[in-house]
Structure formats: structure tokens, C-alpha cells
Amino acid sequence: MTDKNEFDTLSRRGFLKASVAAAAVGAAPMFFMNNANAYTNAPKGGTFTLGFNVPQTGAYADEGADELRAFKLAVKHINGEGDGGMMNTMKPIVLKGNGVLGKKAVFVTGDTQTKSDAARASAKRMIEKDGALMISGGSSSGVAIAVQGLCQEAGVIFMAGLTHSNDTTGKDKRRYGFRHFFNAKMTGSALGPVLKEEMGTDRVAYHLTSDYTWGWTQEESIKETTEGLGWKTKATVRTPVGAGDFSQYITPILNSGADTLILNHYGKDMVNSLTQSVQFGLRDKMVNGKQFEIIVPLYSRLMAQGAGDNLKGILGTTNWNWALKDAGSKAFVKSFGAEYGFPPSQAAHTCYVQTLLYANACEMAGTFDPSQVIRSLEGFKFDGMGNGETEYRAEDHQCLKDVLVVRGNQNPSNQFDLLEIVKEVPRSQVEYDPAIFGGKLGPYKV
Amino acid sequence: MDALLIQLLNGLDKGGAYALIALGLTLTFGTLGVVNFAHGALFMLGAFCSVLFKQVLTISKKVKDESITFFDAYKEQPYLEIWWGDTGAMIIDYAVPISIIMVIPVMLLIGVALERGLIKHFYKRTHAEQILVTFGLAIVLQEVIKMFFGANPIPMPAPDIVSGSAAIGAALGLSDNLVYPWWRLIYLVFAGVIIFSVFAFLRYTTFGMVVRAGMADRETVGLLGINIQKRFTIVFGLATVVAGIAGAMYTPILPPDYHMGMDFLVLSFVVVVVGGMGSLEGAVAAGFLLGMLQSFASLNEVKAIFPGIDQIIIYLVAVVILLVRPRGLMGREGVMEE
């Protein structure tokens, strides 16, 4: 008999080779297999999975919790539950309130811990184990940039949460990364005219800056703005993140000759440095014949509660505020307020909007294939989401929209009324050339 | 000159805080031989006792803001102000210093309960096991606080009368720029008083004498028929009270959040190690030394020569001191050397 069974001819060596090959294929991470599939985590069955990566522990846990509330609300609205929120005001919109492309949205969550390595690990887990098709959320630029890089490698779209560094859509921009939140450059452009009007053109500024990507880019942008007004910069001092006691950085200001302190701090650092600056009597000082002023370029209402009365009268900017009276903001505040019993934060707003924008882009593209969804988002112009007419600029994936200049409310009418809107700065005033920050988006197909 | 004087004051102020925290830690280690990684959490618990006290004082009548329809928004007026007018407002204003009255018994109770319920079971275990269990305890305590008070810092202003700065320069005939926050000066004096009281208690009372004898030779003191264990329990309670009131009084300087203890933990251990494990005098000396160094290293003129020195100076000096004097500044022979 020459006709031997093939299995009988399998040698020990051949079996080992086949086993090694099978193990290698089995162990390969999903995102190395894009050539085999059309795209990473193509949905099967009647659902598609979103990955919400927010700080659930650590200093930004409250902000993360608010982001998660907004994400859950967005998923409800996409699936046709609840009152629809901003789906009633967004224009143009192709979502019908029955999910996306006939599939219902479901979600998984991860904890960034506001640490880049932890955030990447949780995003990786959601992509590889949970089959997440899109990752969103976060409260730090360091985290956003780290996760955005991972998502680019994985071929999964990243809809950034709260990240304000110029680098996110500047030198570290990625084809798969999109930011709805404004940035430091836009803060500077919005704040400049108000500073000129209220504080004049002859001031000496002293910067205290958080020593990481966000702090550096904000310092750079605000310095550019104030020096453009004619102000001088006395010193730019870097402070470690989470320093707690900033007194040793505040005492040199007293003798510096500066008459304005710019706190490039966010969250807990901002609460501590502002509180301590006020205790050192900076706001009571007269320097160079002028009243000493403190500026907090990026405000967070949620975190600002910790600064108490020290916040009153201090200028800054914010991406959005629940007290806005446009139809989109009112619809969102109504939905969120009814669901949770209090108003949403700016972090919640940006996360909610990002989820709706992603879902709408999939519906527009007619597919969940990220290379097509990216094309739908690039250059997409929309309105009715709380920031006036907005555009996802194709060149850097930065949303261009109105920015709010706010001031710590001197006489709040309720416990949430911490920020008074000074000016809604139009988009035209905060636009900039995307080429100034360099960086490359990278390919559509990875 | 002004800049140097103000940094000197800042160094003393920081040093006072470091010394106060390290004192409690050394007290626990010196008496019980326990490396207590939950000490920072006890500092944080003291701060939140103060927060709770203020929240009780400011229980308020809520007047609904009718202009808000989507959720409940209201303006609050504390009942104390409604009932007692200016007197009520003054009591609320002084919430932080008054809270010490509550912090002392509560922290003593917590300290004794912790020692009896947990710490005493680890006296004869290795330092590594002690570190693990107390670190675990610290995490549990901070998560419990986060559950009830949230993750955000909570404002705890100092009384109005001492919320500004003292014009030290003007008083001394120097520059008007030489000012320093009243509350930080109060904290410095407070730290000095507490440190002096602890030393005096251990040096001049019979109780303190027995504890010191027990620290030197626990076995012999036991053979003399003295229940040294009971006294050590009280000392752990005392260390807890010191940590607690240090935390409570620190709240106007650093709005408390659940993680504030961890922020101080590493620093206080560096202070203890530099001072010498088990040496109370060493802890105080190291606290002031490191506070002073950190303050002067933050001068812009110094940073222009050594960029980033302000962030590493404490650890750099710790390494140098431990290389030159492995037992720390005033460490005793045989402590942590087995």
C-alpha cells in the first residue's frame, strides 16, 4: 500500500514545527493581525463595544466619575433611551436613536489612574480582551498622548477626553486621535484681549508651571500671548506635579518685582498653589503701582471647589460651562441633571460630545472601519453641541470652536455657580495655523 | 537679604511640619519597634476629623435657587448663623482651631483601637511584615475617606483674623516685601509647642521615664513588675494624636484630600532615617535641616546654577548623610541593624 494516511506521515519534527507556528499565531496580539481582518475589533453580532478609559482612582477620580456618567448617558442616547440629550440639537446628524448601523452600543471601562503606563495597560486590555472599537476619556495630557500613541499602533480610534496640551494635536498628533477639548494655544488667544482690557499692557508676569507636557505648552502659549500684549516675563518656574506645599516657590515672587502670577497648574496643584498664594498676601499687594493679580489659565469647576473663596475674581478659561444658554448646552444639562441630580462638568461635556461625534461618524461612513470613520470626522462641521459652530480640523484633528473666558464668581447664587462667564470668545479669534506645532498624523491604514 | 530671610522663615516653617510628622513616626518606632507606614494616613485622618467637625458646624438651611429647573441647586445658610447670628458665624470661622478639641479624643481612641486590634499582633514579626500590614491599613483608611468625602480637596480656611500675612519686614524696619502668612507662623509655633511637650512628657514625668527605660531595655523593665505594654499602647495613642492634630492644623495650608497622608509619608520616612531610626532628637533636627535645605534650594539663583536641585535636594542629602553616618544624624547603635 502506497496510499498512506497523511497523519501517519507526520514526523515528530513536522509536528513540532506545526505546533510552534500555531502557537505563534495564537499568541500574536490582535493588532498585529490587521492584515488578516479588515480592521481591528470589527463588531460581530448585534452590538459594538466602546472603551471608556477614565481615572477611577487617584487625584482625578471625581472628574473621571463625571466623565463616566457622561459616557453612560451618551450610550443611552445613541441606543434610543432617555430624552436624547444633544442628539436633539446636533446638526447635521445621521444618528436615528437606534444604535449605530443597526447595532447597539455597549461599553467597557478602564482605570487610567492618571498614570501613562496604567492608562496604556487598561486601553490595551480593552482593545485586546474586550474588543473595544474606540477608546475615549482621560483627564491628563500625558495620559492622552500615551494612549493616543497606543491606539494608533492598534488601529483603534481615540477620542480624547480632557487634555489641554498643545502637543496632543500638535507634535504628538496621530491619525487615529481626535480632540474636541480646546488647547493651551486657544486659551492664550482667548484670554489675551480680556487681559489687555482688564490689566493693561504694562505688566510683569511670573509663571509657576507644572513640570510636564501640559504645563510646558500652556506656559509657552500664555507667555507668547502676554508678551504680545507688551508684558514682560520675570521668571518661569517649573514645579513638580503634586508638590502639595508650594510655599518655597511662592516666597521668591514677593521680591521679584512681578505684579502678576500665572498659575499653569491644574486640579489639586491649582487648588493648593492658589490657596497658598492668597495666604501669602499676593492679592493684597501693590507692585509697580498696580494691584497684584493672579491668573489661572485653565479652570475646572469641579476641582475649583477646593479653592473656596480664594477663587473669587480670578480670570481663566474653560471649554464649556453648564450655565450656557444655547439649545445644545441646555439639552445636555437637562438630561444629565435629570439622570444624576447635578450639572455636568466640562470634562463630562467633552466626553459626551466625543461619543456622539464618533457614533455619528460611523453612521455617516456606513462602516465601523476606522480608516473610513476617520475620513468622516476629518473636516466635519457641526453645531448644536454647546460651543457654537465647530469644525474637526482635518490637518491636526483639533476641534475649532468658541472658548469661554471665565472669572471666579464673587457672589454665587447656588453651590454650582462658581464661575461667571466673562466672554464667549468666537472661534475666529482662537484659530491658528496647524503647521506651527509640527508633527505628523500618520497613515489611515495601520 | 529679604529673599534670604524669607527663605529662612520658609525653611523653619517647612521644617516644623516635617519634624512634627516625623516625631510621631519615631515615637512609634522607638517604643514599639513598629515601622508604621500608616502614620501618614493618621495625619490625613486628623485633617478629616477637622473637616467633619466643620461640616457639622455648617449644617445649613437650604434655600432653593428657583432659576434652576433641571436639578436641585440651592444657597446654603448655616443654622448656627441663623440661630446665633454673629456668634454663630464666629464659631464657624474658628472651626479649625476649635476642632482640635474633637481631634484629640477621637485620634486617641483610634490610636488605642489600632494598637490593640492590629499593631500588637505584629510586634514580633519582621519589619517587612509590619510595613506590609501598615501600608495596607493606610490604603484602606484613605479609600474609606474617599468614599465619604470624595477625591477632591476640601477648602478649610483659617480664621479671618489670621488669614492674611504678617508684615514682618515692616515691623523690623526692613522691606515691606518681607511678609509671611499668619497661619504658617502659628503652625510653626504650634509645632514647637507640641515637640517641646512630647520631649518634656518623656523626660520629666514618671510615665515618660518608664517609657524611655522600656525603649532602652523592654525586658528588664518588665522584670521589675511594670506593665510596659500598657504604657506602650498609650504611647501609640499619643503618637496618633500628634499625627492627628498636626493634620488638623495643616488643613488651612493644604486643603485636605484623601491622599494627603501618602504625600507626606515618603518625606517623613526620609526625615526619620536621616535623623536616625528611633531618635526623637534626630527626627526633629533632620526635619528642620531638610526643610531649610528644600527652601533654599528653591531660590531661583540656586536653580540657575543647579537646575532641578529643589526637587532632589532632600534625597541627595539623605544619601550623603547615610554614606557618612549610616545610623543617621543621631541614630542609636543596634536599631534596625539586625
# chains A, B, ... in the order shown; residues from 1 in each chain; ligands from 1

call {"tool": "select_by_dssp", "arguments": {"residues": "stretch 201-328 of chain B", "states": "helix (DSSP H, G or I)", "output": "ChimeraX atom specification"}}
result
/B:201-204,206-216,218-223,228-250,260-275,280-297,300-305,309-324

call {"tool": "interface_residues", "arguments": {"of": "chain B", "to": "chain A", "cutoff": "6 Å", "atoms": "only C-alpha atoms", "output": "PyMOL selection string"}}
result
chain B and resi 70-71+73-75+151+153-155+164-165+177+181+295+298

call {"tool": "atom_distance", "arguments": {"atom1": "atom CA of B:Tyr250", "atom2": "atom CA of B:Ala19"}}
result
13.3 Å

call {"tool": "atom_distance", "arguments": {"atom1": "atom CA of A:Pro344", "atom2": "atom CA of A:Leu195"}}
result
27.9 Å

call {"tool": "residues_around", "arguments": {"residues": "A:Leu418", "least_positions_apart": "5", "cutoff": "7 Å", "atoms": "only C-alpha atoms", "output": "compact mmCIF listing (two decimals) with C-alpha atoms, in the first residue's frame"}}
result
# COMPACT_ATOMS: atom_id res chain seq x y z
CA ARG A 301 -15.28 73.93 38.08
CA GLY A 408 -14.37 83.01 39.86
CA ASN A 409 -17.87 84.12 40.85
CA PRO A 412 -22.63 82.68 43.62

call {"tool": "select_by_dssp", "arguments": {"residues": "stretch 2-204 of chain A", "states": "strand (DSSP E)", "output": "PyMOL selection string"}}
result
chain A and resi 47-54+104-111+134-137+157-160+177-179+204

call {"tool": "residues_around", "arguments": {"residues": "stretch 183-190 of chain B", "least_positions_apart": "2", "cutoff": "12 Å", "atoms": "only C-alpha atoms", "output": "number ranges by chain"}}
result
A: 245, 247, 276, 279-281; B: 9-20, 96-97, 100, 157-168, 179-181, 192-197, 242, 245-254, 288

call {"tool": "residues_around", "arguments": {"residues": "B:Leu329", "least_positions_apart": "6", "cutoff": "9 Å", "atoms": "only C-alpha atoms", "output": "list in words"}}
result
Val273, Val274, Gly275, Gly276, Ser279, Gly282, Ala283, Ala285, Ala286, Ile321 and Leu322 of chain B

call {"tool": "closest_residue", "arguments": {"among": "B:Gly117, B:Gly287, B:Gly136, B:Gly46", "to": "B:Phe269", "atoms": "only C-alpha atoms"}}
result
B:Gly287

call {"tool": "residues_around", "arguments": {"residues": "B:Asp310", "least_positions_apart": "3", "cutoff": "9 Å", "atoms": "only C-alpha atoms", "output": "list in words"}}
result
Leu293, Gln294, Ser295, Phe296, Ala297, Ser298, Leu299, Val302, Lys303, Phe306, Pro307, Ile313 and Ile314 of chain B

call {"tool": "write_last_selection", "arguments": {"atoms": "C-alpha atoms", "output": "mmCIF file, in the first residue's frame"}}
result
data_model
loop_
_atom_site.group_PDB
_atom_site.id
_atom_site.type_symbol
_atom_site.label_atom_id
_atom_site.label_comp_id
_atom_site.auth_asym_id
_atom_site.auth_seq_id
_atom_site.Cartn_x
_atom_site.Cartn_y
_atom_site.Cartn_z
ATOM 1 C CA LEU B 293 17.602 72.859 52.546
ATOM 2 C CA GLN B 294 14.472 72.437 50.450
ATOM 3 C CA SER B 295 13.566 76.065 50.918
ATOM 4 C CA PHE B 296 16.983 77.457 49.957
ATOM 5 C CA ALA B 297 17.329 75.045 47.036
ATOM 6 C CA SER B 298 14.152 76.584 45.581
ATOM 7 C CA LEU B 299 15.708 80.017 45.196
ATOM 8 C CA VAL B 302 20.350 78.425 43.148
ATOM 9 C CA LYS B 303 18.280 76.710 40.466
ATOM 10 C CA PHE B 306 21.812 73.604 39.614
ATOM 11 C CA PRO B 307 18.618 73.125 37.583
ATOM 12 C CA ILE B 313 17.965 68.072 47.391
ATOM 13 C CA ILE B 314 16.293 66.144 50.231
#

call {"tool": "residues_around", "arguments": {"residues": "B:Leu114", "least_positions_apart": "2", "cutoff": "12 Å", "atoms": "only C-alpha atoms", "output": "VMD selection string"}}
result
chain B and resid 36 38 to 39 42 107 to 112 116 to 122 133 to 134 137 to 138 141 233 to 234 236 to 237 239 to 240

call {"tool": "atom_distance", "arguments": {"atom1": "atom CA of B:Ala216", "atom2": "atom CA of B:Val241"}}
result
23.4 Å

call {"tool": "closest_residue", "arguments": {"among": "A:Arg427, A:Lys129, A:Lys76, A:Arg203", "to": "A:Gly388", "atoms": "only C-alpha atoms"}}
result
A:Arg427

call {"tool": "closest_residue", "arguments": {"among": "B:Leu267, B:Leu32, B:Gly331, B:Gly225", "to": "B:Lys124", "atoms": "only C-alpha atoms"}}
result
B:Leu32

call {"tool": "decode", "arguments": {"residues": "stretch 173-185 of chain B", "atoms": "all heavy atoms", "output": "mmCIF file, in the first residue's frame"}}
result
data_model
loop_
_atom_site.group_PDB
_atom_site.id
_atom_site.type_symbol
_atom_site.label_atom_id
_atom_site.label_comp_id
_atom_site.auth_asym_id
_atom_site.auth_seq_id
_atom_site.Cartn_x
_atom_site.Cartn_y
_atom_site.Cartn_z
ATOM 1 N N GLY B 173 11.594 97.020 60.593
ATOM 2 C CA GLY B 173 12.261 98.127 59.906
ATOM 3 C C GLY B 173 12.967 97.683 58.639
ATOM 4 O O GLY B 173 13.881 98.355 58.165
ATOM 5 N N LEU B 174 12.555 96.522 58.098
ATOM 6 C CA LEU B 174 13.146 96.036 56.841
ATOM 7 C C LEU B 174 12.164 96.282 55.701
ATOM 8 O O LEU B 174 11.241 97.078 55.837
ATOM 9 C CB LEU B 174 13.476 94.541 56.974
ATOM 10 C CG LEU B 174 14.489 94.180 58.078
ATOM 11 C CD1 LEU B 174 14.496 92.680 58.321
ATOM 12 C CD2 LEU B 174 15.880 94.655 57.687
ATOM 13 N N SER B 175 12.341 95.533 54.599
ATOM 14 C CA SER B 175 11.491 95.764 53.425
ATOM 15 C C SER B 175 10.038 95.344 53.674
ATOM 16 O O SER B 175 9.761 94.407 54.425
ATOM 17 C CB SER B 175 12.052 94.950 52.259
ATOM 18 O OG SER B 175 11.078 94.757 51.289
ATOM 19 N N ASP B 176 9.130 96.049 52.994
ATOM 20 C CA ASP B 176 7.706 95.698 53.081
ATOM 21 C C ASP B 176 7.413 94.348 52.442
ATOM 22 O O ASP B 176 6.353 93.764 52.652
ATOM 23 C CB ASP B 176 6.859 96.774 52.384
ATOM 24 C CG ASP B 176 6.792 98.046 53.211
ATOM 25 O OD1 ASP B 176 7.228 97.998 54.384
ATOM 26 O OD2 ASP B 176 6.325 99.072 52.694
ATOM 27 N N ASN B 177 8.352 93.878 51.595
ATOM 28 C CA ASN B 177 8.134 92.595 50.917
ATOM 29 C C ASN B 177 8.303 91.401 51.852
ATOM 30 O O ASN B 177 7.948 90.285 51.504
ATOM 31 C CB ASN B 177 9.119 92.430 49.756
ATOM 32 C CG ASN B 177 8.725 93.290 48.581
ATOM 33 O OD1 ASN B 177 7.546 93.559 48.382
ATOM 34 N ND2 ASN B 177 9.701 93.742 47.824
ATOM 35 N N LEU B 178 8.885 91.649 53.020
ATOM 36 C CA LEU B 178 9.107 90.551 53.957
ATOM 37 C C LEU B 178 7.819 90.303 54.751
ATOM 38 O O LEU B 178 7.592 90.861 55.821
ATOM 39 C CB LEU B 178 10.277 90.886 54.890
ATOM 40 C CG LEU B 178 10.720 89.800 55.872
ATOM 41 C CD1 LEU B 178 11.016 88.495 55.155
ATOM 42 C CD2 LEU B 178 11.944 90.255 56.640
ATOM 43 N N VAL B 179 6.961 89.483 54.146
ATOM 44 C CA VAL B 179 5.695 89.126 54.809
ATOM 45 C C VAL B 179 5.630 87.605 54.910
ATOM 46 O O VAL B 179 6.310 86.898 54.151
ATOM 47 C CB VAL B 179 4.469 89.642 54.015
ATOM 48 C CG1 VAL B 179 4.471 91.150 53.941
ATOM 49 C CG2 VAL B 179 4.414 89.032 52.633
ATOM 50 N N TYR B 180 4.825 87.110 55.829
ATOM 51 C CA TYR B 180 4.658 85.658 55.941
ATOM 52 C C TYR B 180 3.263 85.357 56.470
ATOM 53 O O TYR B 180 2.787 86.052 57.365
ATOM 54 C CB TYR B 180 5.728 85.062 56.866
ATOM 55 C CG TYR B 180 6.105 83.662 56.442
ATOM 56 C CD1 TYR B 180 6.914 83.457 55.327
ATOM 57 C CD2 TYR B 180 5.598 82.563 57.116
ATOM 58 C CE1 TYR B 180 7.216 82.180 54.905
ATOM 59 C CE2 TYR B 180 5.907 81.281 56.692
ATOM 60 C CZ TYR B 180 6.722 81.096 55.586
ATOM 61 O OH TYR B 180 7.009 79.837 55.149
ATOM 62 N N PRO B 181 2.600 84.321 55.906
ATOM 63 C CA PRO B 181 1.219 84.046 56.327
ATOM 64 C C PRO B 181 1.117 83.801 57.837
ATOM 65 O O PRO B 181 1.901 83.035 58.396
ATOM 66 C CB PRO B 181 0.861 82.782 55.540
ATOM 67 C CG PRO B 181 1.771 82.783 54.372
ATOM 68 C CD PRO B 181 3.041 83.415 54.841
ATOM 69 N N TRP B 182 0.144 84.439 58.439
ATOM 70 C CA TRP B 182 -0.078 84.288 59.876
ATOM 71 C C TRP B 182 -0.253 82.822 60.263
ATOM 72 O O TRP B 182 0.298 82.370 61.257
ATOM 73 C CB TRP B 182 -1.344 85.057 60.304
ATOM 74 C CG TRP B 182 -1.097 86.504 60.579
ATOM 75 C CD1 TRP B 182 -1.552 87.564 59.849
ATOM 76 C CD2 TRP B 182 -0.343 87.056 61.657
ATOM 77 N NE1 TRP B 182 -1.116 88.747 60.401
ATOM 78 C CE2 TRP B 182 -0.367 88.455 61.519
ATOM 79 C CE3 TRP B 182 0.377 86.514 62.719
ATOM 80 C CZ2 TRP B 182 0.267 89.320 62.405
ATOM 81 C CZ3 TRP B 182 1.013 87.365 63.604
ATOM 82 C CH2 TRP B 182 0.961 88.754 63.455
ATOM 83 N N TRP B 183 -1.023 82.084 59.467
ATOM 84 C CA TRP B 183 -1.327 80.714 59.876
ATOM 85 C C TRP B 183 -0.078 79.836 59.846
ATOM 86 O O TRP B 183 0.080 78.945 60.690
ATOM 87 C CB TRP B 183 -2.436 80.114 59.010
ATOM 88 C CG TRP B 183 -2.896 78.805 59.592
ATOM 89 C CD1 TRP B 183 -2.554 77.551 59.198
ATOM 90 C CD2 TRP B 183 -3.730 78.646 60.729
ATOM 91 N NE1 TRP B 183 -3.137 76.609 60.018
ATOM 92 C CE2 TRP B 183 -3.867 77.250 60.972
ATOM 93 C CE3 TRP B 183 -4.394 79.538 61.590
ATOM 94 C CZ2 TRP B 183 -4.635 76.737 62.016
ATOM 95 C CZ3 TRP B 183 -5.157 79.024 62.627
ATOM 96 C CH2 TRP B 183 -5.268 77.638 62.826
ATOM 97 N N ARG B 184 0.818 80.110 58.909
ATOM 98 C CA ARG B 184 2.063 79.328 58.868
ATOM 99 C C ARG B 184 2.929 79.639 60.088
ATOM 100 O O ARG B 184 3.612 78.766 60.614
ATOM 101 C CB ARG B 184 2.831 79.618 57.576
ATOM 102 C CG ARG B 184 2.242 78.906 56.370
ATOM 103 C CD ARG B 184 2.987 79.255 55.091
ATOM 104 N NE ARG B 184 2.392 78.566 53.967
ATOM 105 C CZ ARG B 184 2.808 77.401 53.477
ATOM 106 N NH1 ARG B 184 3.838 76.788 54.012
ATOM 107 N NH2 ARG B 184 2.199 76.841 52.455
ATOM 108 N N LEU B 185 2.909 80.903 60.513
ATOM 109 C CA LEU B 185 3.662 81.261 61.725
ATOM 110 C C LEU B 185 3.044 80.570 62.942
ATOM 111 O O LEU B 185 3.759 80.055 63.812
ATOM 112 C CB LEU B 185 3.650 82.780 61.919
ATOM 113 C CG LEU B 185 4.410 83.576 60.847
ATOM 114 C CD1 LEU B 185 4.190 85.074 61.028
ATOM 115 C CD2 LEU B 185 5.904 83.265 60.918
#
